[in-house]
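This report concerns only the one structure given below.
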Amino acid sequence: MKNTRKSLIALAAAGLLMLTACNGDDGAPEGEPVDPAEFPEGSTMQQLHDQGSITIGTKFDQPLFGLQGPDGTPVGFDVSIGQLVADALGVEAEFVEAQTPQRENLIENGSVDIVVATYTINDTRKEVVDFAGPYYIAGQSLMVTMDNDEISGDDDLDGKRVCSADGSTPAQNIAENYPEAELVTYGAYTDCLDPLRSGQVDAVTTDNVILAGYVDESPDDFKIVGDLFTEEPYGIGLAKGDDEFRDFINDVIEESYENGNWEAAWENTAGTVLELPEPPAVDRY
Ligand code: GLU
């Protein structure tokens, strides 16, 4: 994509093409690069710009938000949001898998520069990482097999086996507030799908948008039941204390609301299945 942009810029410079905004080859929005002269000396933005790439942790097994395609590259709303940050820095985005229980570690040990991975902003996580955003607000929901008529919402979980991902806010919510439910956790939500099919667990719980992706893949097998019972504001995780970088990413998010890139990112990905939401106000805490 970077080379495409370079050649387009070369064409524009030659007077052959007028460039206003351009789209990537895959129809995904392409963010405008920020003038690198604006990056403060020694800032993460300058370092990443000089290095020419940013490493972004995302999900590889969540359709609509982050799903690895046949060529190994992930696609989804989170991936497109991460790409907008890379575009603003004028660098290549390198996506690596960041499963739910690994996200804080990956940021803390410097394996990734940011995490964009259906990552709920909360105070516990803020003790070890910081968050830009939110750029989307999801909510916890339940998925059951098509033939299940016993569970129609979170009031029906007593005595039921409920599957979720280790270290996730939905798993924590079940453990803390649904003492009569039996929580079963794995490293990823996809690990819950076969146990759900075979009846080893009665429900899978996580954010509605993640479950919507699995239902979209297997509409004859699974359904979502009940109302949302939490709020999950999705943030972009980054190293704790890097306020300059957090401000920069918040600027990128806000600009994407203004220039249509956020909406285009949604429409190309999650928007194929889900309604276009209102973009949430960024929280510059
Ligand atoms: N948003 C929730 C969380 O950050 C659930 C989704 C996920 O595990 O990625 O824990």
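A note on labels: chains of the structure tokens are A, B, ... as shown, every chain counts residues from 1, and ligands are counted from 1 in their shown order.
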
Next item on the list: Just the alpha helix (DSSP H) stuff from stretch 22-215 of chain A, please, per backbone DSSP, written as a VMD selection string.
Entry: chain A and resid 44 to 51 77 to 89 103 to 108 123 to 126 169 to 177 193 to 198 208 to 215

Grab the residues selected above and save them as a short mmCIF file (atom, residue, chain, number, x, y, z; two decimals), in the first residue's frame with N, CA and C atoms.
data_model
loop_
_atom_site.label_atom_id
_atom_site.label_comp_id
_atom_site.auth_asym_id
_atom_site.auth_seq_id
_atom_site.Cartn_x
_atom_site.Cartn_y
_atom_site.Cartn_z
N THR A 44 7.53 8.62 20.26
CA THR A 44 7.25 7.32 19.65
C THR A 44 6.87 7.50 18.18
N MET A 45 6.15 8.58 17.89
CA MET A 45 5.74 8.82 16.49
C MET A 45 6.98 8.95 15.61
N GLN A 46 7.97 9.72 16.10
CA GLN A 46 9.18 9.91 15.30
C GLN A 46 9.96 8.60 15.16
N GLN A 47 10.05 7.88 16.28
CA GLN A 47 10.77 6.59 16.23
C GLN A 47 10.14 5.63 15.24
N LEU A 48 8.81 5.54 15.29
CA LEU A 48 8.12 4.61 14.38
C LEU A 48 8.25 5.08 12.94
N HIS A 49 8.17 6.39 12.76
CA HIS A 49 8.31 6.93 11.40
C HIS A 49 9.69 6.59 10.83
N ASP A 50 10.72 6.81 11.65
CA ASP A 50 12.10 6.52 11.20
C ASP A 50 12.27 5.04 10.90
N GLN A 51 11.64 4.21 11.72
CA GLN A 51 11.75 2.76 11.58
C GLN A 51 10.96 2.27 10.35
N PHE A 77 -12.71 -4.58 11.21
CA PHE A 77 -12.78 -3.18 11.64
C PHE A 77 -11.55 -2.79 12.46
N ASP A 78 -11.14 -3.65 13.41
CA ASP A 78 -9.95 -3.33 14.21
C ASP A 78 -8.71 -3.18 13.33
N VAL A 79 -8.61 -4.05 12.35
CA VAL A 79 -7.44 -4.02 11.45
C VAL A 79 -7.44 -2.69 10.68
N SER A 80 -8.62 -2.27 10.22
CA SER A 80 -8.70 -1.01 9.47
C SER A 80 -8.38 0.19 10.36
N ILE A 81 -8.82 0.13 11.63
CA ILE A 81 -8.51 1.23 12.56
C ILE A 81 -6.99 1.27 12.79
N GLY A 82 -6.38 0.11 12.99
CA GLY A 82 -4.92 0.04 13.15
C GLY A 82 -4.21 0.59 11.92
N GLN A 83 -4.76 0.28 10.75
CA GLN A 83 -4.15 0.75 9.50
C GLN A 83 -4.20 2.29 9.42
N LEU A 84 -5.27 2.90 9.93
CA LEU A 84 -5.36 4.36 9.90
C LEU A 84 -4.25 4.99 10.76
N VAL A 85 -3.92 4.33 11.87
CA VAL A 85 -2.82 4.83 12.72
C VAL A 85 -1.49 4.71 11.95
N ALA A 86 -1.29 3.57 11.30
CA ALA A 86 -0.07 3.38 10.51
C ALA A 86 0.01 4.42 9.39
N ASP A 87 -1.11 4.66 8.72
CA ASP A 87 -1.13 5.63 7.62
C ASP A 87 -0.77 7.04 8.12
N ALA A 88 -1.30 7.40 9.30
CA ALA A 88 -1.01 8.74 9.84
C ALA A 88 0.48 8.88 10.15
N LEU A 89 1.10 7.77 10.56
CA LEU A 89 2.55 7.80 10.82
C LEU A 89 3.36 7.70 9.54
N ARG A 103 -2.80 -9.58 25.83
CA ARG A 103 -2.68 -8.21 25.32
C ARG A 103 -1.82 -7.29 26.17
N GLU A 104 -2.06 -7.28 27.49
CA GLU A 104 -1.25 -6.39 28.35
C GLU A 104 0.23 -6.76 28.26
N ASN A 105 0.51 -8.09 28.31
CA ASN A 105 1.90 -8.55 28.24
C ASN A 105 2.59 -8.10 26.97
N LEU A 106 1.91 -8.25 25.85
CA LEU A 106 2.51 -7.89 24.56
C LEU A 106 2.88 -6.41 24.54
N ILE A 107 2.04 -5.58 25.15
CA ILE A 107 2.33 -4.14 25.20
C ILE A 107 3.48 -3.89 26.18
N GLU A 108 3.38 -4.51 27.35
CA GLU A 108 4.38 -4.24 28.39
C GLU A 108 5.78 -4.70 27.99
N ASP A 123 -10.37 0.14 34.32
CA ASP A 123 -9.39 0.66 35.28
C ASP A 123 -8.32 -0.37 35.63
N THR A 124 -8.68 -1.63 35.69
CA THR A 124 -7.68 -2.66 36.01
C THR A 124 -6.59 -2.67 34.94
N ARG A 125 -7.00 -2.67 33.70
CA ARG A 125 -6.03 -2.69 32.60
C ARG A 125 -5.22 -1.40 32.55
N LYS A 126 -5.89 -0.30 32.93
CA LYS A 126 -5.18 1.00 32.91
C LYS A 126 -4.07 1.07 33.96
N THR A 169 -13.15 -9.41 29.91
CA THR A 169 -14.11 -8.75 30.80
C THR A 169 -15.42 -9.55 30.87
N PRO A 170 -15.92 -10.18 29.79
CA PRO A 170 -17.13 -10.99 29.92
C PRO A 170 -16.93 -12.18 30.86
N ALA A 171 -15.76 -12.83 30.80
CA ALA A 171 -15.50 -13.95 31.71
C ALA A 171 -15.49 -13.46 33.15
N GLN A 172 -14.84 -12.32 33.35
CA GLN A 172 -14.75 -11.75 34.70
C GLN A 172 -16.15 -11.41 35.23
N ASN A 173 -16.98 -10.87 34.37
CA ASN A 173 -18.34 -10.51 34.77
C ASN A 173 -19.12 -11.75 35.20
N ILE A 174 -18.98 -12.84 34.45
CA ILE A 174 -19.69 -14.08 34.82
C ILE A 174 -19.16 -14.59 36.16
N ALA A 175 -17.83 -14.60 36.31
CA ALA A 175 -17.24 -15.11 37.55
C ALA A 175 -17.71 -14.29 38.76
N GLU A 176 -17.81 -12.99 38.58
CA GLU A 176 -18.13 -12.13 39.74
C GLU A 176 -19.63 -12.01 40.01
N ASN A 177 -20.41 -11.93 38.95
CA ASN A 177 -21.82 -11.55 39.14
C ASN A 177 -22.83 -12.65 38.84
N LEU A 193 -16.33 -22.83 20.38
CA LEU A 193 -17.36 -23.11 19.37
C LEU A 193 -17.69 -24.61 19.27
N ASP A 194 -16.66 -25.47 19.23
CA ASP A 194 -16.95 -26.91 19.17
C ASP A 194 -17.63 -27.40 20.44
N PRO A 195 -17.13 -27.00 21.63
CA PRO A 195 -17.85 -27.39 22.85
C PRO A 195 -19.31 -26.93 22.85
N LEU A 196 -19.60 -25.78 22.24
CA LEU A 196 -20.99 -25.33 22.17
C LEU A 196 -21.79 -26.25 21.23
N ARG A 197 -21.20 -26.56 20.08
CA ARG A 197 -21.88 -27.44 19.11
C ARG A 197 -22.18 -28.81 19.72
N SER A 198 -21.19 -29.33 20.49
CA SER A 198 -21.35 -30.69 21.01
C SER A 198 -22.15 -30.74 22.31
N ASN A 208 -21.14 -8.58 21.86
CA ASN A 208 -22.14 -8.85 20.81
C ASN A 208 -21.53 -8.90 19.41
N VAL A 209 -20.58 -8.00 19.13
CA VAL A 209 -20.05 -7.92 17.76
C VAL A 209 -19.19 -9.13 17.41
N ILE A 210 -18.55 -9.72 18.42
CA ILE A 210 -17.74 -10.93 18.18
C ILE A 210 -18.69 -12.10 17.90
N LEU A 211 -19.73 -12.21 18.74
CA LEU A 211 -20.71 -13.28 18.55
C LEU A 211 -21.41 -13.13 17.20
N ALA A 212 -21.68 -11.88 16.81
CA ALA A 212 -22.35 -11.64 15.51
C ALA A 212 -21.51 -12.19 14.37
N GLY A 213 -20.19 -12.12 14.51
CA GLY A 213 -19.30 -12.67 13.48
C GLY A 213 -19.41 -14.18 13.40
N TYR A 214 -19.51 -14.85 14.55
CA TYR A 214 -19.62 -16.32 14.53
C TYR A 214 -21.00 -16.76 14.01
N VAL A 215 -22.04 -15.99 14.36
CA VAL A 215 -23.38 -16.33 13.84
C VAL A 215 -23.41 -16.12 12.33
#

Kindly provide the residues of chain A that approach ligand 1 to within 8 Å, each paired with its closest atom pair and their distance in Å to one decimal, based on only C-alpha atoms and all ligand atoms, listed by chain and increasing number, as a Markdown table.
| residue | atom | partner | partner_atom_place_in_ligand_line | distance |
| --- | --- | --- | --- | --- |
| A:Lys59 | CA | ligand 1 | 9 (O) | 7.5 |
| A:Gln99 | CA | ligand 1 | 9 (O) | 7.2 |
| A:Thr100 | CA | ligand 1 | 8 (O) | 4.6 |
| A:Pro101 | CA | ligand 1 | 8 (O) | 7.7 |
| A:Ala117 | CA | ligand 1 | 9 (O) | 5.8 |
| A:Thr118 | CA | ligand 1 | 9 (O) | 4.4 |
| A:Tyr119 | CA | ligand 1 | 4 (O) | 3.7 |
| A:Thr120 | CA | ligand 1 | 4 (O) | 3.9 |
| A:Ile121 | CA | ligand 1 | 4 (O) | 7.2 |
| A:Ala138 | CA | ligand 1 | 1 (N) | 7.4 |
| A:Gly139 | CA | ligand 1 | 1 (N) | 8.0 |
| A:Gln140 | CA | ligand 1 | 5 (C) | 7.8 |
| A:Ala165 | CA | ligand 1 | 8 (O) | 6.1 |
| A:Asp166 | CA | ligand 1 | 8 (O) | 7.8 |
| A:Gly167 | CA | ligand 1 | 10 (O) | 6.5 |
| A:Ser168 | CA | ligand 1 | 10 (O) | 3.3 |
| A:Thr169 | CA | ligand 1 | 10 (O) | 4.1 |
| A:Pro170 | CA | ligand 1 | 5 (C) | 5.9 |
| A:Ala171 | CA | ligand 1 | 10 (O) | 7.8 |
| A:Ala188 | CA | ligand 1 | 8 (O) | 7.6 |
| A:Tyr189 | CA | ligand 1 | 8 (O) | 7.8 |
| A:Thr206 | CA | ligand 1 | 5 (C) | 5.5 |
| A:Asp207 | CA | ligand 1 | 5 (C) | 5.6 |
| A:Ile210 | CA | ligand 1 | 6 (C) | 7.4 |
| A:Glu232 | CA | ligand 1 | 1 (N) | 5.6 |
| A:Pro233 | CA | ligand 1 | 1 (N) | 7.4 |
| A:Tyr234 | CA | ligand 1 | 1 (N) | 6.6 |

Notebook entry, point to check: Which of stretch 113-222 of chain A counts as strand (DSSP E or B) under DSSP, as an MDAnalysis selection string please?
Noted result: chainID A and resid 114:115 120 129:138 140:145 161:165 182:186 203:207 222

Notebook entry, point to check: Using only C-alpha atoms, which residue out of A:Val129, A:Pro29, A:Pro277, A:Val282 lies closest to A:Asn109?
Noted result: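 Going through A:Val129, A:Pro29, A:Pro277, A:Val282 one by one, the smallest distance to A:Asn109 is for A:Val129.
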
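Using only C-alpha atoms, the shortest contact distance between A:Ala264 and any of A:Gly76, A:Gly199, A:Gly226, A:Gly57 is found at A:Gly76.
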
Next item on the list: Extract, using only C-alpha atoms, all DNA, RNA and protein residues at most 10 Å from stretch 148-155 of chain A, discarding same-chain residues fewer than 2 positions from it, and format them as a ChimeraX atom specification.
Entry: /A:140-146,157-158,160,174,178,181,202-203,205,222-229

Mind writing the picked residues with C-alpha atoms as a short mmCIF file (atom, residue, chain, number, x, y, z; two decimals), in the first residue's frame?
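This went into result-v3.cif:
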data_model
loop_
_atom_site.label_atom_id
_atom_site.label_comp_id
_atom_site.auth_asym_id
_atom_site.auth_seq_id
_atom_site.Cartn_x
_atom_site.Cartn_y
_atom_site.Cartn_z
CA GLN A 140 -21.70 -8.38 26.46
CA SER A 141 -24.14 -10.86 24.99
CA LEU A 142 -24.84 -14.61 24.78
CA MET A 143 -24.73 -17.11 21.95
CA VAL A 144 -26.41 -20.53 22.09
CA THR A 145 -27.18 -23.30 19.61
CA MET A 146 -30.17 -22.78 17.33
CA LEU A 157 -27.50 -18.82 33.39
CA ASP A 158 -27.93 -20.54 36.76
CA LYS A 160 -25.44 -23.53 32.96
CA ILE A 174 -19.69 -14.08 34.82
CA TYR A 178 -23.27 -14.92 38.09
CA ALA A 181 -23.24 -20.22 36.37
CA ASP A 202 -24.55 -24.32 27.06
CA ALA A 203 -23.61 -20.80 25.96
CA THR A 205 -20.44 -15.19 26.15
CA PHE A 222 -25.89 -20.49 16.43
CA LYS A 223 -28.07 -17.59 17.55
CA ILE A 224 -27.61 -14.59 19.83
CA VAL A 225 -30.11 -14.27 22.69
CA GLY A 226 -31.10 -11.52 25.13
CA ASP A 227 -30.12 -7.88 25.52
CA LEU A 228 -26.63 -6.50 25.99
CA PHE A 229 -25.78 -6.63 29.68
#

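Across the model, the gap from atom CA of A:Ile236 to atom CA of A:Glu255 is 15.2 Å.
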